[in-house]
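Text of work39.tsv, listed as TSV, C-alpha atoms and all ligand atoms:
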```
chain	number	residue	atom	x	y	z
E	1	MET	CA	5.97	35.65	15.37
E	2	PRO	CA	3.19	33.54	16.87
E	3	THR	CA	3.78	29.83	17.01
E	4	GLU	CA	1.27	27.08	16.55
E	5	LYS	CA	1.43	23.44	17.46
E	6	ARG	CA	1.00	20.89	14.73
E	7	CYS	CA	0.85	17.11	14.60
E	8	LYS	CA	3.90	15.61	12.91
E	9	ASP	CA	1.93	12.53	11.85
E	10	CYS	CA	-1.19	13.99	10.21
E	11	GLY	CA	-0.49	17.74	10.06
E	12	SER	CA	-3.53	18.63	12.15
E	13	THR	CA	-3.46	21.77	14.31
E	14	GLU	CA	-6.22	20.35	16.52
E	15	ILE	CA	-3.87	19.89	19.48
E	16	HIS	CA	-5.20	19.10	22.93
E	17	CYS	CA	-3.59	19.21	26.34
E	18	GLN	CA	-4.90	18.21	29.73
E	19	MET	CA	-4.39	20.98	32.24
E	20	LEU	CA	-4.68	21.05	35.98
E	21	ALA	CA	-6.92	24.01	36.81
E	22	HIS	CA	-7.60	25.54	40.17
E	23	TRP	CA	-10.42	27.78	41.36
E	24	ASP	CA	-9.41	31.40	41.95
E	25	ALA	CA	-11.89	33.15	44.24
E	26	GLU	CA	-10.63	36.63	43.35
E	27	GLU	CA	-10.96	35.96	39.63
E	28	ASP	CA	-14.21	34.09	40.31
E	29	ASP	CA	-13.12	31.67	37.64
E	30	TRP	CA	-10.99	28.63	36.90
E	31	VAL	CA	-7.31	29.36	36.34
E	32	MET	CA	-5.24	27.03	34.21
E	33	GLY	CA	-2.18	25.55	35.83
E	34	THR	CA	0.48	23.28	34.44
E	35	PRO	CA	-0.10	20.59	31.82
E	36	VAL	CA	-0.49	17.14	33.37
E	37	ASP	CA	0.29	15.27	30.15
E	38	PRO	CA	2.17	15.99	26.95
E	39	PRO	CA	0.01	17.61	24.27
E	40	PHE	CA	-1.57	15.24	21.78
E	41	CYS	CA	-3.27	15.40	18.39
E	42	GLY	CA	-7.07	15.58	18.57
E	43	ASP	CA	-7.39	13.86	15.21
E	44	CYS	CA	-4.99	10.89	15.35
E	45	HIS	CA	-4.03	10.98	19.06
E	46	SER	CA	-0.33	11.11	18.22
E	47	PHE	CA	2.04	12.61	20.77
E	48	GLU	CA	4.39	13.75	17.98
E	49	ILE	CA	3.67	17.48	18.22
E	50	GLU	CA	5.94	20.16	16.80
E	51	ASP	CA	6.02	23.93	17.19
E	52	VAL	CA	5.83	25.80	13.90
E	53	GLU	CA	5.76	29.50	13.11
E	54	ALA	CA	2.27	30.60	12.16
E	55	ASP	CA	1.82	32.56	8.96
E	101	ZN	ZN	-2.44	13.88	14.13
```
If you took the structure in this file and wrote it as structure tokens, what would it be?
Amino acid sequence: MPTEKRCKDCGSTEIHCQMLAHWDAEEDDWVMGTPVDPPFCGDCHSFEIEDVEAD
């Protein structure tokens, strides 16, 4: 079952997260690393994010 992240405050699924990426020469592309901050809501900027099972 896939999960999605949802804002507890406004119910938005527009969740953002700042990631630390590094350049991978073999991939010739940016590779995402670990999150540098907790995920936050793109609509109301709340940090109250919950994991829910997607339909
Ligand atoms: Zn929100």
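With distances taken over all atoms listed in the file, E:Gln18 is the one residue among E:Cys7, E:Gln18, E:Thr13, E:Val52 lying closest to Met32 (chain E).
Using all atoms listed in the file, residues with at least one atom at most 12 Å away from any atom of ligand ZN 101 (chain E) are Lys5, Arg6, Cys7, Lys8, Asp9, Cys10, Gly11, Ser12, Thr13, Glu14, Ile15, His16, Pro39, Phe40, Cys41, Gly42, Asp43, Cys44, His45, Ser46, Phe47, Glu48, Ile49 and Glu50 of chain E.
We find CA of Pro38 (chain E) and CA of Asp51 (chain E) to be spaced 13.2 Å apart.
Coordinates place CA of Met1 (chain E) at a distance of 7.0 Å from CA of Ala54 (chain E).
In this model, the gap between CA of Asp55 (chain E) and CA of Glu4 (chain E) comes to 9.4 Å.
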With a distance cut-off of 12 Å and all atoms listed in the file, select the neighbouring residues of Trp30 (chain E), excluding the residue or stretch itself and same-chain residues fewer than 5 positions from it, and output the selection as a list in words. Met19, Leu20, Ala21, His22, Trp23, Asp24 and Ala25 of chain E
